[in-house]
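Data block below; observations after.
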Amino acid sequence: ERRKYFQQEKMAAIGSLAAGIVHEIGNPIAAISGLVQASLAEGERLPEAVRANLELILQQTERLSALARDVSDFSTPRAGERQVLDLNGLVRTTVRLMQHDRRFKAFGLRLELDPALPAVDGFPDQLTQVVMNLLINAADAVEEAGRETPEVCVRTRLAEAGVVLEVADNGVGMDAATVERAPEAFFTTKPPGRGTGLGLSLCYAIVRGHEGSLEIESEPGRGTTVRVVLPPFEAAPRQVGT
Ligand code: ADP
Ligand code: MG
């Protein structure tokens, strides 16, 4: 409980700082990476050592823009309008959006979506963010595990507790201590530049904002299932697509 309290304080502090800083940081980052890319375009005319340095600068600016993006997701948590939506459609759209990402070429992504799933009401942009973050974590986990048959599965179904959305992977998994700390803002076990530690805390904040719950089941060396449960939209006569 104490931890939860600090967590909330930390999130509030991030929110108020982030909006301003991120905005100011974005433009110079874009300028730097644009100039570096233009310089790299000189290609053969550049001494090898200079080109290597420019590549490193570019990598680091990518880190910065990833951080800026993750932080700005926190500072605009109420984007979009609350609406009655079909979670299956949202999952399909999100998967389509992400298929071009290098990380997603490496494994079979399975969808097991319950066609009779009731609608939920929520903020589509935020829920898309949740699915994206869970998929990125799953992709990282299966990559790190280096399995012969890496698998990530997105499932939906109706349970007693509500409308369930699961992202399951056969990646590296987490021990109990990591599961416990995973939702903390800035907690990451990934090497610098790979993780910001903001993904799951953003997911928690969003799911909480939807009066839902998020739980993590994981076994080191076996894989992880992250389960989001959302209240079904009560008097949903028909679903509105996303
Ligand atoms: P990040 O991905 O930037 O590290 P997250 O908040 O998304 O930050 O996740 C925090 C930590 O939780 C990760 O660094 C990792 O240790 C663990 N984690 C999250 N999702 C998974 C997963 N699907 N499999 C294994 N570990 C995970
Ligand atoms: Mg993450």
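Chain identifiers are assigned as A, B, and so on, following the order in which chains appear in the structure tokens; residues are numbered from 1 within each chain, and ligands are numbered from 1 in order of appearance.
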Would you write out, as CSV, a table of all residues in stretch 178-199 of chain A that have an atom no more than 12 Å from an atom of stretch 39-59 of chain A, listing for each the closest atom pair and the distance in Å to one decimal, considering only C-alpha atoms and ordering rows by chain and rising residue number?
residue,atom,partner,partner_atom,distance
A:Pro192,CA,A:Gln59,CA,11.7
A:Gly193,CA,A:Gln59,CA,8.7
A:Arg194,CA,A:Gln59,CA,10.9
Could you list, with a cut-off of 9 Å and counting only C-alpha atoms and all ligand atoms, the residues of chain A near ligand 1, each shown with its nearest atom pair and the distance in Å rounded to one decimal, rows sorted by chain and ascending number, as JSON lines?
{"residue": "A:Asp70", "atom": "CA", "partner": "ligand 1", "partner_atom_place_in_ligand_line": "3 (O)", "distance": 8.9}
{"residue": "A:Asn133", "atom": "CA", "partner": "ligand 1", "partner_atom_place_in_ligand_line": "7 (O)", "distance": 6.3}
{"residue": "A:Leu134", "atom": "CA", "partner": "ligand 1", "partner_atom_place_in_ligand_line": "20 (N)", "distance": 6.7}
{"residue": "A:Leu135", "atom": "CA", "partner": "ligand 1", "partner_atom_place_in_ligand_line": "23 (N)", "distance": 7.8}
{"residue": "A:Ile136", "atom": "CA", "partner": "ligand 1", "partner_atom_place_in_ligand_line": "2 (O)", "distance": 7.3}
{"residue": "A:Asn137", "atom": "CA", "partner": "ligand 1", "partner_atom_place_in_ligand_line": "20 (N)", "distance": 4.5}
{"residue": "A:Ala138", "atom": "CA", "partner": "ligand 1", "partner_atom_place_in_ligand_line": "23 (N)", "distance": 4.1}
{"residue": "A:Ala139", "atom": "CA", "partner": "ligand 1", "partner_atom_place_in_ligand_line": "23 (N)", "distance": 7.5}
{"residue": "A:Asp140", "atom": "CA", "partner": "ligand 1", "partner_atom_place_in_ligand_line": "22 (C)", "distance": 7.3}
{"residue": "A:Ala141", "atom": "CA", "partner": "ligand 1", "partner_atom_place_in_ligand_line": "24 (N)", "distance": 4.6}
{"residue": "A:Val142", "atom": "CA", "partner": "ligand 1", "partner_atom_place_in_ligand_line": "24 (N)", "distance": 7.6}
{"residue": "A:Glu144", "atom": "CA", "partner": "ligand 1", "partner_atom_place_in_ligand_line": "25 (C)", "distance": 8.9}
{"residue": "A:Val167", "atom": "CA", "partner": "ligand 1", "partner_atom_place_in_ligand_line": "23 (N)", "distance": 8.0}
{"residue": "A:Ala168", "atom": "CA", "partner": "ligand 1", "partner_atom_place_in_ligand_line": "23 (N)", "distance": 7.3}
{"residue": "A:Asp169", "atom": "CA", "partner": "ligand 1", "partner_atom_place_in_ligand_line": "23 (N)", "distance": 6.3}
{"residue": "A:Asn170", "atom": "CA", "partner": "ligand 1", "partner_atom_place_in_ligand_line": "24 (N)", "distance": 8.2}
{"residue": "A:Gly171", "atom": "CA", "partner": "ligand 1", "partner_atom_place_in_ligand_line": "24 (N)", "distance": 5.8}
{"residue": "A:Val172", "atom": "CA", "partner": "ligand 1", "partner_atom_place_in_ligand_line": "25 (C)", "distance": 5.4}
{"residue": "A:Gly173", "atom": "CA", "partner": "ligand 1", "partner_atom_place_in_ligand_line": "25 (C)", "distance": 4.2}
{"residue": "A:Met174", "atom": "CA", "partner": "ligand 1", "partner_atom_place_in_ligand_line": "26 (N)", "distance": 5.2}
{"residue": "A:Asp175", "atom": "CA", "partner": "ligand 1", "partner_atom_place_in_ligand_line": "26 (N)", "distance": 8.8}
{"residue": "A:Thr178", "atom": "CA", "partner": "ligand 1", "partner_atom_place_in_ligand_line": "16 (O)", "distance": 6.3}
{"residue": "A:Val179", "atom": "CA", "partner": "ligand 1", "partner_atom_place_in_ligand_line": "12 (O)", "distance": 6.8}
{"residue": "A:Arg181", "atom": "CA", "partner": "ligand 1", "partner_atom_place_in_ligand_line": "12 (O)", "distance": 7.4}
{"residue": "A:Ala182", "atom": "CA", "partner": "ligand 1", "partner_atom_place_in_ligand_line": "12 (O)", "distance": 4.1}
{"residue": "A:Pro183", "atom": "CA", "partner": "ligand 1", "partner_atom_place_in_ligand_line": "6 (O)", "distance": 5.7}
{"residue": "A:Glu184", "atom": "CA", "partner": "ligand 1", "partner_atom_place_in_ligand_line": "6 (O)", "distance": 6.9}
{"residue": "A:Ala185", "atom": "CA", "partner": "ligand 1", "partner_atom_place_in_ligand_line": "6 (O)", "distance": 6.7}
{"residue": "A:Phe186", "atom": "CA", "partner": "ligand 1", "partner_atom_place_in_ligand_line": "6 (O)", "distance": 6.9}
{"residue": "A:Phe187", "atom": "CA", "partner": "ligand 1", "partner_atom_place_in_ligand_line": "10 (C)", "distance": 5.5}
{"residue": "A:Thr188", "atom": "CA", "partner": "ligand 1", "partner_atom_place_in_ligand_line": "14 (O)", "distance": 3.4}
{"residue": "A:Thr189", "atom": "CA", "partner": "ligand 1", "partner_atom_place_in_ligand_line": "14 (O)", "distance": 3.9}
{"residue": "A:Lys190", "atom": "CA", "partner": "ligand 1", "partner_atom_place_in_ligand_line": "14 (O)", "distance": 5.0}
{"residue": "A:Pro191", "atom": "CA", "partner": "ligand 1", "partner_atom_place_in_ligand_line": "4 (O)", "distance": 8.4}
{"residue": "A:Gly193", "atom": "CA", "partner": "ligand 1", "partner_atom_place_in_ligand_line": "3 (O)", "distance": 8.9}
{"residue": "A:Arg194", "atom": "CA", "partner": "ligand 1", "partner_atom_place_in_ligand_line": "3 (O)", "distance": 6.7}
{"residue": "A:Gly195", "atom": "CA", "partner": "ligand 1", "partner_atom_place_in_ligand_line": "3 (O)", "distance": 3.2}
{"residue": "A:Thr196", "atom": "CA", "partner": "ligand 1", "partner_atom_place_in_ligand_line": "3 (O)", "distance": 3.9}
{"residue": "A:Gly197", "atom": "CA", "partner": "ligand 1", "partner_atom_place_in_ligand_line": "8 (O)", "distance": 3.1}
{"residue": "A:Leu198", "atom": "CA", "partner": "ligand 1", "partner_atom_place_in_ligand_line": "6 (O)", "distance": 4.4}
{"residue": "A:Gly199", "atom": "CA", "partner": "ligand 1", "partner_atom_place_in_ligand_line": "7 (O)", "distance": 3.5}
{"residue": "A:Leu200", "atom": "CA", "partner": "ligand 1", "partner_atom_place_in_ligand_line": "6 (O)", "distance": 3.7}
{"residue": "A:Ser201", "atom": "CA", "partner": "ligand 1", "partner_atom_place_in_ligand_line": "6 (O)", "distance": 5.5}
{"residue": "A:Leu202", "atom": "CA", "partner": "ligand 1", "partner_atom_place_in_ligand_line": "6 (O)", "distance": 7.5}
{"residue": "A:Cys203", "atom": "CA", "partner": "ligand 1", "partner_atom_place_in_ligand_line": "6 (O)", "distance": 8.3}
{"residue": "A:Ile216", "atom": "CA", "partner": "ligand 1", "partner_atom_place_in_ligand_line": "20 (N)", "distance": 8.5}
{"residue": "A:Ser218", "atom": "CA", "partner": "ligand 1", "partner_atom_place_in_ligand_line": "24 (N)", "distance": 7.4}
{"residue": "A:Glu219", "atom": "CA", "partner": "ligand 1", "partner_atom_place_in_ligand_line": "25 (C)", "distance": 8.8}
{"residue": "A:Pro220", "atom": "CA", "partner": "ligand 1", "partner_atom_place_in_ligand_line": "25 (C)", "distance": 8.1}
{"residue": "A:Gly223", "atom": "CA", "partner": "ligand 1", "partner_atom_place_in_ligand_line": "24 (N)", "distance": 6.3}
{"residue": "A:Thr224", "atom": "CA", "partner": "ligand 1", "partner_atom_place_in_ligand_line": "23 (N)", "distance": 5.2}
{"residue": "A:Thr225", "atom": "CA", "partner": "ligand 1", "partner_atom_place_in_ligand_line": "23 (N)", "distance": 6.9}
{"residue": "A:Val226", "atom": "CA", "partner": "ligand 1", "partner_atom_place_in_ligand_line": "23 (N)", "distance": 7.2}
Q.
What does the structure give for the distance between atom CA of A:Glu211 and atom CA of A:Gln99, in Å to one decimal?
A.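 So the answer is 29.5 Å.
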**Q.** Nearest candidate to ligand 2 (options A:Val36, A:Met132, A:Leu113, A:Ala176; using only C-alpha atoms and all ligand atoms)
**A.** A:Met132
Q: Determine the nearest neighbour of ligand 2 from the options A:Thr149, A:Gln129, A:Ser33, A:Ser213, counting only C-alpha atoms and all ligand atoms.
A: A:Gln129
**Q.** Residue contacts of A:Val163 (10 Å, only C-alpha atoms) excluding same-chain residues fewer than 2 positions away, as a list in words
**A.** Leu87, Leu117, Pro118, Ala119, Val120, Thr156, Arg157, Leu158, Ala159, Glu160, Ala161, Leu165, Gly212, Val228, Val229, Leu230, Pro231, Pro232 and Phe233 of chain A
Write the residues of the selection above to a file with N, CA and C atoms, as a PDB file, in the first residue's frame.
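Written out: out22.pdb:
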ATOM      1  N   LEU A  87     -13.442  -4.388 -28.449  1.00  0.00           N
ATOM      2  CA  LEU A  87     -12.042  -4.639 -28.111  1.00  0.00           C
ATOM      3  C   LEU A  87     -11.351  -5.505 -29.172  1.00  0.00           C
ATOM      4  N   LEU A 117     -17.684 -11.372 -27.852  1.00  0.00           N
ATOM      5  CA  LEU A 117     -17.234 -10.484 -26.778  1.00  0.00           C
ATOM      6  C   LEU A 117     -18.143  -9.262 -26.634  1.00  0.00           C
ATOM      7  N   PRO A 118     -18.589  -8.961 -25.407  1.00  0.00           N
ATOM      8  CA  PRO A 118     -19.391  -7.747 -25.230  1.00  0.00           C
ATOM      9  C   PRO A 118     -18.529  -6.495 -25.417  1.00  0.00           C
ATOM     10  N   ALA A 119     -19.175  -5.385 -25.707  1.00  0.00           N
ATOM     11  CA  ALA A 119     -18.460  -4.121 -25.862  1.00  0.00           C
ATOM     12  C   ALA A 119     -17.966  -3.636 -24.504  1.00  0.00           C
ATOM     13  N   VAL A 120     -16.953  -2.785 -24.536  1.00  0.00           N
ATOM     14  CA  VAL A 120     -16.540  -2.080 -23.323  1.00  0.00           C
ATOM     15  C   VAL A 120     -16.697  -0.594 -23.625  1.00  0.00           C
ATOM     16  N   THR A 156      -9.079 -12.705 -26.193  1.00  0.00           N
ATOM     17  CA  THR A 156     -10.160 -12.001 -25.505  1.00  0.00           C
ATOM     18  C   THR A 156     -11.229 -13.020 -25.144  1.00  0.00           C
ATOM     19  N   ARG A 157     -11.921 -12.752 -24.057  1.00  0.00           N
ATOM     20  CA  ARG A 157     -13.049 -13.599 -23.687  1.00  0.00           C
ATOM     21  C   ARG A 157     -13.850 -12.897 -22.600  1.00  0.00           C
ATOM     22  N   LEU A 158     -15.062 -13.384 -22.406  1.00  0.00           N
ATOM     23  CA  LEU A 158     -15.872 -12.857 -21.317  1.00  0.00           C
ATOM     24  C   LEU A 158     -15.744 -13.798 -20.137  1.00  0.00           C
ATOM     25  N   ALA A 159     -15.401 -13.245 -18.976  1.00  0.00           N
ATOM     26  CA  ALA A 159     -15.337 -14.045 -17.758  1.00  0.00           C
ATOM     27  C   ALA A 159     -16.273 -13.415 -16.737  1.00  0.00           C
ATOM     28  N   GLU A 160     -16.402 -14.066 -15.603  1.00  0.00           N
ATOM     29  CA  GLU A 160     -17.265 -13.502 -14.575  1.00  0.00           C
ATOM     30  C   GLU A 160     -16.785 -12.112 -14.157  1.00  0.00           C
ATOM     31  N   ALA A 161     -15.463 -11.970 -14.101  1.00  0.00           N
ATOM     32  CA  ALA A 161     -14.880 -10.707 -13.643  1.00  0.00           C
ATOM     33  C   ALA A 161     -15.068  -9.573 -14.641  1.00  0.00           C
ATOM     34  N   LEU A 165      -8.794  -9.333 -21.591  1.00  0.00           N
ATOM     35  CA  LEU A 165      -7.828  -9.215 -22.687  1.00  0.00           C
ATOM     36  C   LEU A 165      -6.498  -9.743 -22.165  1.00  0.00           C
ATOM     37  N   GLY A 212     -10.794  -0.940 -14.413  1.00  0.00           N
ATOM     38  CA  GLY A 212     -10.453  -2.330 -14.671  1.00  0.00           C
ATOM     39  C   GLY A 212      -9.307  -2.790 -13.789  1.00  0.00           C
ATOM     40  N   VAL A 228      -5.732  -8.213 -18.573  1.00  0.00           N
ATOM     41  CA  VAL A 228      -6.466  -6.980 -18.300  1.00  0.00           C
ATOM     42  C   VAL A 228      -7.943  -7.335 -18.250  1.00  0.00           C
ATOM     43  N   VAL A 229      -8.631  -6.903 -17.199  1.00  0.00           N
ATOM     44  CA  VAL A 229     -10.070  -7.143 -17.111  1.00  0.00           C
ATOM     45  C   VAL A 229     -10.788  -5.798 -17.063  1.00  0.00           C
ATOM     46  N   LEU A 230     -11.711  -5.616 -17.968  1.00  0.00           N
ATOM     47  CA  LEU A 230     -12.456  -4.362 -18.047  1.00  0.00           C
ATOM     48  C   LEU A 230     -13.936  -4.633 -17.822  1.00  0.00           C
ATOM     49  N   PRO A 231     -14.626  -3.669 -17.205  1.00  0.00           N
ATOM     50  CA  PRO A 231     -16.073  -3.871 -17.044  1.00  0.00           C
ATOM     51  C   PRO A 231     -16.759  -3.827 -18.409  1.00  0.00           C
ATOM     52  N   PRO A 232     -17.694  -4.750 -18.654  1.00  0.00           N
ATOM     53  CA  PRO A 232     -18.423  -4.695 -19.923  1.00  0.00           C
ATOM     54  C   PRO A 232     -19.330  -3.475 -19.949  1.00  0.00           C
ATOM     55  N   PHE A 233     -19.547  -2.940 -21.119  1.00  0.00           N
ATOM     56  CA  PHE A 233     -20.482  -1.830 -21.243  1.00  0.00           C
ATOM     57  C   PHE A 233     -21.871  -2.355 -20.933  1.00  0.00           C
TER      58      PHE A 233
END
Q: For each of A:Gly89, A:Pro150, A:Pro124, A:Gly26, take the minimum atom-to-atom distance to A:Phe107, counting only C-alpha atoms, then give the residue where this is smallest.
A: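 When distances to A:Phe107 are compared using only C-alpha atoms, the smallest one comes from A:Pro150.
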